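Q: After the structure tokens below, expect a handful of questions from me.
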Amino acid sequence: MVSWRDVPPASVVLVHGTEDFIAGRALENLRRKLRAESPELEVTTVDASAYTAGQLTMLSSPSLFGEAKLIEVSALAAMNDDFLTEALAYLNSPEPDVVVALHHGGGTRGKKLLDAVKASGAPVVECLPLKKDQEKADFVGAEFRQAGRRIDPQAVRALVAAVGASLAELAAACSQLIADVPSAEGAASVSADMVDKYYGGRVEATAFRVADAALAGNAPVALSSLRHALATGVDPVPLVAALAMKVRTLAKVHSARGSSAQIAKDLGMQAWQVDSARRDIGAWSAEALIRSIQVLADADAQVKGEAKDPVYAVERAVTVIATSARRR
């Protein structure tokens, strides 16, 4: 398997998986690389579900002027029998100067072709959703490195918290910060304050701002941020979820020993997450963490329907957590 950021040109390339954004990026990167080698690249698209017999042969035939060709085939998961038959035959005798990029969106249909492509040794790009915060943080870091820019670890965390639900939105946010921050702020490295300036109004970012203040023992800021969030329509559920995630991280790191890198490896976290937790952990005893976990369990049940007043439930949880930490 190869990275979607660096797809090597080959007679046949398989882009496979359910994350459409990554698949689109992989095809875009392949297209860009081929155009760099052959500016007159001829690009055609084929829908495998509506394929007409003989179409692949016709499109891959050498042109009069010998231009390089890229044939992008979509909808492999719904391919018809004509395409399956001709694609299998094409694998045995691909045309020179032609790249056939096959995009399969996931599922079991077309397994015979997928197995044949993989057995042929063709490059395979796996396009899987990024579900873990660590994977999303790695994605953000790679986006900035590719652009020759730097972003602070806390800014990465803030950006993932604000827009990490959608990979496409996360990529767009990276692009906006990369494009706007230098002229707007005159800084080489993107900071958490800059991320907050652009995306601090997002529900996710607001939830984490409340959580950060509560875990730091700053009850006035935590409660004022919470009340502002609730007044502007933020649902209590993501607020409780953000608090729970922060408390769980603290609990994991509380008794851990070793370097940040080692703890991160042992706990399946990133080093910056461990460093962030360590900055808060001095204000917390084991008893206070247990009390906070209990109040969050109650709040989670109440905001999901067990209480008539979910706002009171989340306010109580924030108050208990913020007052359980020793104010620094």
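Chain labels follow the order of the structure tokens: the first chain is A, the next B, and so on; residue numbering restarts at 1 in every chain, and ligands are counted from 1 in their shown order.
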Which residues in region 83-241 of chain A does DSSP call helix (DSSP H, G or I)? List them as a ChimeraX atom specification.
A: /A:83-92,111-119,133-146,153-163,167-185,192-199,203-215,219-231,236-241
Q: Might you pull out every residue within 10 Å of Val320 (chain A), with only C-alpha atoms counted and same-chain residues fewer than 4 positions away left off, and present them as a list in words?
A: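 After dropping sequence-adjacent residues, the list is Ala214, Gly217, Ala219, Ala288, Arg291, Ser292, Val295, Leu296, Val314, Glu315, Arg316, Ser324 and Ala325 of chain A.
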Q: Contacts of Val2 (chain A) at 9 Å or less, counting only C-alpha atoms, minus same-chain residues fewer than 2 places along, as a PDB file with all heavy atoms, in the first residue's frame?
A:
```
ATOM      1  N   TRP A   4      -1.543   8.193   0.229  1.00  0.00           N
ATOM      2  CA  TRP A   4      -2.353   8.996  -0.679  1.00  0.00           C
ATOM      3  C   TRP A   4      -1.679  10.331  -0.994  1.00  0.00           C
ATOM      4  O   TRP A   4      -2.021  10.993  -1.961  1.00  0.00           O
ATOM      5  CB  TRP A   4      -3.745   9.234  -0.096  1.00  0.00           C
ATOM      6  CG  TRP A   4      -3.770   9.928   1.235  1.00  0.00           C
ATOM      7  CD1 TRP A   4      -3.760   9.340   2.453  1.00  0.00           C
ATOM      8  CD2 TRP A   4      -3.813  11.335   1.479  1.00  0.00           C
ATOM      9  NE1 TRP A   4      -3.795  10.287   3.444  1.00  0.00           N
ATOM     10  CE2 TRP A   4      -3.835  11.521   2.878  1.00  0.00           C
ATOM     11  CE3 TRP A   4      -3.843  12.448   0.654  1.00  0.00           C
ATOM     12  CZ2 TRP A   4      -3.881  12.784   3.466  1.00  0.00           C
ATOM     13  CZ3 TRP A   4      -3.896  13.717   1.238  1.00  0.00           C
ATOM     14  CH2 TRP A   4      -3.911  13.878   2.625  1.00  0.00           C
ATOM     15  N   ARG A   5      -0.703  10.712  -0.199  1.00  0.00           N
ATOM     16  CA  ARG A   5       0.019  11.956  -0.456  1.00  0.00           C
ATOM     17  C   ARG A   5       1.083  11.789  -1.546  1.00  0.00           C
ATOM     18  O   ARG A   5       1.573  12.772  -2.085  1.00  0.00           O
ATOM     19  CB  ARG A   5       0.690  12.457   0.832  1.00  0.00           C
ATOM     20  CG  ARG A   5      -0.295  12.932   1.890  1.00  0.00           C
ATOM     21  CD  ARG A   5       0.419  13.541   3.076  1.00  0.00           C
ATOM     22  NE  ARG A   5      -0.518  13.970   4.109  1.00  0.00           N
ATOM     23  CZ  ARG A   5      -1.132  15.145   4.115  1.00  0.00           C
ATOM     24  NH1 ARG A   5      -0.896  16.019   3.148  1.00  0.00           N
ATOM     25  NH2 ARG A   5      -1.970  15.459   5.087  1.00  0.00           N
ATOM     26  N   ASP A   6       1.457  10.561  -1.836  1.00  0.00           N
ATOM     27  CA  ASP A   6       2.515  10.326  -2.817  1.00  0.00           C
ATOM     28  C   ASP A   6       2.197   9.081  -3.621  1.00  0.00           C
ATOM     29  O   ASP A   6       2.813   8.030  -3.452  1.00  0.00           O
ATOM     30  CB  ASP A   6       3.866  10.190  -2.094  1.00  0.00           C
ATOM     31  CG  ASP A   6       5.028  10.121  -3.062  1.00  0.00           C
ATOM     32  OD1 ASP A   6       4.883  10.598  -4.206  1.00  0.00           O
ATOM     33  OD2 ASP A   6       6.087   9.578  -2.688  1.00  0.00           O
ATOM     34  N   VAL A   7       1.229   9.198  -4.517  1.00  0.00           N
ATOM     35  CA  VAL A   7       0.787   8.060  -5.321  1.00  0.00           C
ATOM     36  C   VAL A   7       1.726   7.905  -6.516  1.00  0.00           C
ATOM     37  O   VAL A   7       1.857   8.829  -7.327  1.00  0.00           O
ATOM     38  CB  VAL A   7      -0.654   8.261  -5.821  1.00  0.00           C
ATOM     39  CG1 VAL A   7      -1.129   7.027  -6.567  1.00  0.00           C
ATOM     40  CG2 VAL A   7      -1.582   8.579  -4.660  1.00  0.00           C
ATOM     41  N   PRO A   8       2.403   6.762  -6.651  1.00  0.00           N
ATOM     42  CA  PRO A   8       3.323   6.588  -7.778  1.00  0.00           C
ATOM     43  C   PRO A   8       2.570   6.288  -9.072  1.00  0.00           C
ATOM     44  O   PRO A   8       1.613   5.512  -9.074  1.00  0.00           O
ATOM     45  CB  PRO A   8       4.163   5.393  -7.343  1.00  0.00           C
ATOM     46  CG  PRO A   8       3.253   4.604  -6.461  1.00  0.00           C
ATOM     47  CD  PRO A   8       2.387   5.600  -5.746  1.00  0.00           C
ATOM     48  N   PRO A 123      -0.012  -0.314  -7.403  1.00  0.00           N
ATOM     49  CA  PRO A 123      -0.104   0.479  -6.170  1.00  0.00           C
ATOM     50  C   PRO A 123      -1.542   0.535  -5.659  1.00  0.00           C
ATOM     51  O   PRO A 123      -2.480   0.718  -6.450  1.00  0.00           O
ATOM     52  CB  PRO A 123       0.369   1.875  -6.601  1.00  0.00           C
ATOM     53  CG  PRO A 123       1.141   1.653  -7.860  1.00  0.00           C
ATOM     54  CD  PRO A 123       0.504   0.480  -8.533  1.00  0.00           C
ATOM     55  N   VAL A 124      -1.706   0.367  -4.355  1.00  0.00           N
ATOM     56  CA  VAL A 124      -3.024   0.418  -3.731  1.00  0.00           C
ATOM     57  C   VAL A 124      -3.013   1.528  -2.683  1.00  0.00           C
ATOM     58  O   VAL A 124      -2.158   1.535  -1.789  1.00  0.00           O
ATOM     59  CB  VAL A 124      -3.397  -0.922  -3.071  1.00  0.00           C
ATOM     60  CG1 VAL A 124      -4.752  -0.815  -2.368  1.00  0.00           C
ATOM     61  CG2 VAL A 124      -3.431  -2.039  -4.106  1.00  0.00           C
ATOM     62  N   VAL A 125      -3.949   2.450  -2.780  1.00  0.00           N
ATOM     63  CA  VAL A 125      -4.080   3.544  -1.823  1.00  0.00           C
ATOM     64  C   VAL A 125      -5.298   3.267  -0.957  1.00  0.00           C
ATOM     65  O   VAL A 125      -6.424   3.242  -1.469  1.00  0.00           O
ATOM     66  CB  VAL A 125      -4.249   4.905  -2.536  1.00  0.00           C
ATOM     67  CG1 VAL A 125      -4.300   6.031  -1.516  1.00  0.00           C
ATOM     68  CG2 VAL A 125      -3.134   5.132  -3.539  1.00  0.00           C
ATOM     69  N   GLU A 126      -5.091   3.032   0.337  1.00  0.00           N
ATOM     70  CA  GLU A 126      -6.208   2.788   1.245  1.00  0.00           C
ATOM     71  C   GLU A 126      -6.743   4.129   1.754  1.00  0.00           C
ATOM     72  O   GLU A 126      -5.985   4.930   2.302  1.00  0.00           O
ATOM     73  CB  GLU A 126      -5.770   1.926   2.426  1.00  0.00           C
ATOM     74  CG  GLU A 126      -5.479   0.476   2.056  1.00  0.00           C
ATOM     75  CD  GLU A 126      -6.735  -0.324   1.724  1.00  0.00           C
ATOM     76  OE1 GLU A 126      -7.842   0.228   1.851  1.00  0.00           O
ATOM     77  OE2 GLU A 126      -6.608  -1.484   1.330  1.00  0.00           O
TER      78      GLU A 126
END
```
Q: Neighbours of Lys132 (chain A) within 12 Å (only C-alpha atoms; same-chain residues fewer than 2 positions away dropped), as a ChimeraX atom specification?
A: /A:128-130,134-139,160-161,164-165,167,268-270
Q: Do you have the CA of Ile293 (chain A)-CA of Thr232 (chain A) distance handy?
A: 26.8 Å
Q: Taking only C-alpha atoms into account, name the residue in A:Val253, A:Val156, A:Ala322, A:Ala162 that is nearest to Val221 (chain A).
A: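 Nearest candidate to Val221 (chain A) out of A:Val253, A:Val156, A:Ala322, A:Ala162: A:Ala322.
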Q: I'd like the interatomic distance between CA of Ser189 (chain A) and CA of Cys174 (chain A), to a tenth of an Å.
A: 12.5 Å
Q: With only C-alpha atoms as the basis for distance, which of A:Ser175, A:Ser259, A:Ser191, A:Ser11 is at the shortest distance from Asp275 (chain A)?
A: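 Of A:Ser175, A:Ser259, A:Ser191, A:Ser11, the one nearest Asp275 (chain A) is A:Ser259, counting only C-alpha atoms.
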Q: Once DSSP has gone over the backbone, tell me which residues of region 5-130 of chain A are in strand (DSSP E), as a VMD selection string.
A: chain A and resid 12 to 16 42 to 47 69 to 74 98 to 104 124 to 126
Q: How close does region 298-325 of chain A get to region 244-251 of chain A? List, as CSV, each residue of region 298-325 of chain A within 10 Å, its nearest atom pair and the distance in Å to one decimal, counting only C-alpha atoms.
A:
```
residue,atom,partner,partner_atom,distance
A:Ala299,CA,A:Ala244,CA,9.9
A:Asp300,CA,A:Ala244,CA,8.8
A:Ile321,CA,A:Val247,CA,9.1
```
Q: Could those selected residues go to a file with all heavy atoms, as a tab-separated table (two decimals), in the first residue's frame?
A:
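So part-v5.tsv came out as:
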```tsv
chain	number	residue	atom	x	y	z
A	299	ALA	N	-23.99	13.37	35.01
A	299	ALA	CA	-24.36	14.43	34.07
A	299	ALA	C	-24.63	13.87	32.68
A	299	ALA	O	-25.56	14.30	31.98
A	299	ALA	CB	-23.25	15.48	34.00
A	300	ASP	N	-23.82	12.89	32.28
A	300	ASP	CA	-24.01	12.30	30.95
A	300	ASP	C	-25.39	11.66	30.83
A	300	ASP	O	-26.08	11.83	29.81
A	300	ASP	CB	-22.92	11.24	30.71
A	300	ASP	CG	-23.00	10.65	29.32
A	300	ASP	OD1	-22.77	11.38	28.34
A	300	ASP	OD2	-23.32	9.44	29.21
A	321	ILE	N	-16.28	19.96	39.15
A	321	ILE	CA	-14.93	19.71	38.60
A	321	ILE	C	-14.01	20.90	38.88
A	321	ILE	O	-12.88	20.73	39.33
A	321	ILE	CB	-15.03	19.42	37.08
A	321	ILE	CG1	-15.72	18.09	36.87
A	321	ILE	CG2	-13.64	19.43	36.44
A	321	ILE	CD1	-16.12	17.83	35.44
```
Q: Counting only C-alpha atoms, which of A:Ala211, A:Ala122, A:Leu59, A:Val311 gets nearest to Asp235 (chain A)?
A: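 With only C-alpha atoms as the atom set, the closest residue is A:Val311.
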Q: Using only C-alpha atoms, which residues sit within 12 Å of Val181 (chain A) once same-chain residues fewer than 5 positions away are excluded, as a list in words?
A: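 Here the qualifying residues turn out to be Arg149, Arg150, Ile151, Ala173, Cys174, Ser175, Gln176, Gly186, Ala187, Ala188, Ser189, Val190, Ser191, Ala192, Asp193, Met194, Val195, Lys197 and Tyr198 of chain A.
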Q: Point out the residue among A:Gly110, A:Pro182, A:Gly233, A:Pro39 with the least atom-to-atom distance to Asn80 (chain A), counting only C-alpha atoms.
A: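 Using only C-alpha atoms, Asn80 (chain A) sits closest to A:Gly110.
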Q: Under the rule that only C-alpha atoms are counted, which of A:Ile178, A:Asn92, A:Val73, A:Pro236 is the nearest residue to Thr206 (chain A)?
A: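 Closest candidate: A:Pro236.
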Q: Just the residues within 12 Å of Ala36 (chain A), please, counting only C-alpha atoms, with nothing from its chain fewer than 5 positions along; format it as a ChimeraX atom specification.
A: /A:9,29-31,41,68
Q: Set the distance at 9 Å and use only C-alpha atoms: which residues neighbour Pro62 (chain A) once local chain neighbours fewer than 3 positions away are removed? I'd like the list as an MDAnalysis selection string.
A: chainID A and resid 58:59 65:69 95:98
Q: Selection from above, N, CA and C atoms, as a compact mmCIF listing (two decimals), in the first residue's frame, can you write it?
A:
```
# COMPACT_ATOMS: atom_id res chain seq x y z
N MET A 58 -11.01 1.71 -26.31
CA MET A 58 -11.01 2.91 -27.13
C MET A 58 -10.24 4.05 -26.44
N LEU A 59 -10.49 4.25 -25.13
CA LEU A 59 -9.87 5.36 -24.43
C LEU A 59 -8.38 5.16 -24.21
N PHE A 65 -0.97 11.96 -31.53
CA PHE A 65 0.21 12.72 -31.14
C PHE A 65 0.96 12.09 -29.96
N GLY A 66 0.51 10.94 -29.51
CA GLY A 66 1.24 10.20 -28.48
C GLY A 66 1.21 10.81 -27.09
N GLU A 67 0.16 11.58 -26.75
CA GLU A 67 0.09 12.17 -25.40
C GLU A 67 -0.11 11.09 -24.34
N ALA A 68 0.42 11.37 -23.15
CA ALA A 68 0.16 10.49 -22.02
C ALA A 68 -1.32 10.60 -21.63
N LYS A 69 -1.84 9.51 -21.08
CA LYS A 69 -3.26 9.49 -20.74
C LYS A 69 -3.48 9.05 -19.29
N GLU A 95 -1.78 -0.68 -21.64
CA GLU A 95 -1.16 0.12 -22.68
C GLU A 95 -0.04 0.99 -22.11
N PRO A 96 1.05 1.16 -22.86
CA PRO A 96 2.10 2.07 -22.40
C PRO A 96 1.61 3.51 -22.43
N ASP A 97 2.18 4.36 -21.59
CA ASP A 97 1.84 5.79 -21.51
C ASP A 97 0.39 6.02 -21.08
N VAL A 98 -0.21 5.03 -20.47
CA VAL A 98 -1.58 5.16 -19.97
C VAL A 98 -1.61 4.76 -18.50
```
Q: Provide the CA of Gln146 (chain A) to CA of Ala171 (chain A) distance in Å, to one decimal place.
A: 12.3 Å
